[in-house]
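Peer 1: Shown below is the structure under consideration.
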Amino acid sequence: MTVNKAQINRVEVNEELAIFLDGYEVGDKVDNLVIEYTVENTTEAPRDFFLDQSVVVTSTGQQIEPDMFLAENITASMLGAIEYTGTVPYIMDERRRRRH
């Protein structure tokens with residue numbers, strides 16, 4: 001596993017994003033940490049990676065859970081020698097709550 005980049009962006013909540021976030025309305029702004037990973041299975045044996053479930057701990061000690069619904073191209077099971085790249089986003093705000 002390689003971390004290609006990590007970037008914090010200020011994102012304006014649009015209608016699509018508002019569906020996934022409680023406590024935010026269209027037009028609100030949130031800080032979003034996006035981590036891009038490349039994962040490679042160098043063997044033919046199956047491997048499982050669950051990067052969309054990994055928790056980030058900030059320099060202030062805050063633990064932030066990933067936004068699994070917004071993760072892109074993060075596969076859980078690798079059935080052989082393959083490589084893939086994807087992103088995992090984290091909303092960096094303590095008032096964030098996910099709708100069920």
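Here's how to read the names in the structure tokens: chain A, B, ... by the order shown, residue numbers from 1 in each chain, ligand numbers from 1 in the order shown.
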Taking the DSSP secondary structure from the backbone, can you list the residues of chain A that are helix (DSSP H, G or I), as a ChimeraX atom specification?
Peer 2: /A:15-20,51-53,68-70
Peer 1: Quick one: DSSP strand (DSSP E) residues in stretch 38-68 of chain A, as a ChimeraX atom specification?
Peer 2: /A:38-40,47-48,56-57,63-64
Peer 1: Taking only C-alpha atoms into account, which of A:Glu15, A:Asp67, A:Glu25, A:Asp52 comes nearest A:Tyr37?
Peer 2: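 Once distances to A:Tyr37 are computed over only C-alpha atoms, the minimum belongs to A:Asp52.
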Peer 1: Compare A:Thr60, A:Thr2, A:Thr85, A:Ser77 by their minimum atom-to-atom distance to A:Pro46, counting only C-alpha atoms, and give me the closest one.
Peer 2: A:Ser77
Peer 1: Counting only C-alpha atoms, which of A:Asp28, A:Met68, A:Met92, A:Leu21 gets nearest to A:Phe50?
Peer 2: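 Under the stated criterion, the closest residue is A:Met68.
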Peer 1: Just the residues within 9 Å of A:Ile8, please, counting only C-alpha atoms, with nothing from its chain fewer than 2 positions along; format it as a list in words.
Peer 2: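 My reading of the contact set: Ala6, Arg10, Asp31, Asn32, Leu33, Val34, Ile35 and Met92 of chain A.
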Peer 1: So, with only C-alpha atoms as the atoms that count, which of A:Lys5, A:Leu70, A:Thr87, A:Thr38 lies closest to A:Ala18?
Peer 2: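 The closest residue to A:Ala18 is A:Leu70.
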Peer 1: What does the distance between atom CA of A:Val26 and atom CA of A:Leu51 come to in Å, to one decimal place?
Peer 2: 28.2 Å
Peer 1: Given the choices A:Glu36, A:Glu44, A:Glu12, A:Asp22, which gets closest to A:Leu79 if the distance is worked out from only C-alpha atoms?
Peer 2: A:Glu44
Peer 1: Would you please work out which residue, of A:Asn14, A:Gly80, A:Val39, A:Glu65, is nearest to A:Gly27 when using only C-alpha atoms?
Peer 2: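 Of the candidates, the smallest distance to A:Gly27 is held by A:Asn14.
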Peer 1: What's around A:Thr43 at 12 Å? Count only C-alpha atoms, leave out sequence neighbours fewer than 4 positions away in its own chain, and write the answer as a short mmCIF file (atom, residue, chain, number, x, y, z; two decimals) with all heavy atoms, in the first residue's frame.
Peer 2:
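Output (result30.cif):
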```cif
data_model
loop_
_atom_site.label_atom_id
_atom_site.label_comp_id
_atom_site.auth_asym_id
_atom_site.auth_seq_id
_atom_site.Cartn_x
_atom_site.Cartn_y
_atom_site.Cartn_z
N ARG A 47 -6.15 -11.33 -1.42
CA ARG A 47 -5.89 -10.42 -0.31
C ARG A 47 -7.08 -9.48 -0.17
O ARG A 47 -7.69 -9.09 -1.16
CB ARG A 47 -4.64 -9.57 -0.55
CG ARG A 47 -3.37 -10.35 -0.71
CD ARG A 47 -2.84 -10.79 0.66
NE ARG A 47 -1.52 -11.40 0.49
CZ ARG A 47 -1.28 -12.68 0.68
NH1 ARG A 47 -2.26 -13.49 1.01
NH2 ARG A 47 -0.08 -13.17 0.52
N MET A 78 -8.92 -8.53 -3.49
CA MET A 78 -8.04 -8.63 -4.66
C MET A 78 -7.81 -10.12 -4.88
O MET A 78 -7.21 -10.78 -4.04
CB MET A 78 -6.73 -7.89 -4.40
CG MET A 78 -6.93 -6.42 -4.09
SD MET A 78 -5.42 -5.60 -3.59
CE MET A 78 -4.68 -5.29 -5.18
N LEU A 79 -8.28 -10.64 -5.98
CA LEU A 79 -8.28 -12.08 -6.21
C LEU A 79 -6.98 -12.60 -6.80
O LEU A 79 -6.84 -13.78 -7.02
CB LEU A 79 -9.47 -12.47 -7.07
CG LEU A 79 -10.82 -12.10 -6.49
CD1 LEU A 79 -11.94 -12.49 -7.45
CD2 LEU A 79 -11.03 -12.75 -5.14
N GLY A 80 -6.03 -11.73 -7.07
CA GLY A 80 -4.76 -12.15 -7.63
C GLY A 80 -3.81 -10.98 -7.67
O GLY A 80 -3.99 -9.99 -6.96
N ALA A 81 -2.78 -11.10 -8.49
CA ALA A 81 -1.75 -10.06 -8.59
C ALA A 81 -2.29 -8.88 -9.40
O ALA A 81 -2.20 -8.86 -10.62
CB ALA A 81 -0.49 -10.63 -9.22
N ILE A 82 -2.87 -7.90 -8.70
CA ILE A 82 -3.39 -6.70 -9.35
C ILE A 82 -3.00 -5.47 -8.53
O ILE A 82 -2.55 -5.58 -7.39
CB ILE A 82 -4.91 -6.74 -9.54
CG1 ILE A 82 -5.63 -6.80 -8.19
CG2 ILE A 82 -5.33 -7.89 -10.42
CD1 ILE A 82 -7.12 -6.57 -8.29
N GLU A 83 -3.19 -4.33 -9.13
CA GLU A 83 -2.94 -3.04 -8.48
C GLU A 83 -4.11 -2.13 -8.78
O GLU A 83 -4.68 -2.18 -9.87
CB GLU A 83 -1.65 -2.44 -9.04
CG GLU A 83 -1.33 -1.07 -8.51
CD GLU A 83 -0.06 -0.50 -9.14
OE1 GLU A 83 1.02 -1.10 -8.95
OE2 GLU A 83 -0.17 0.53 -9.83
#
```
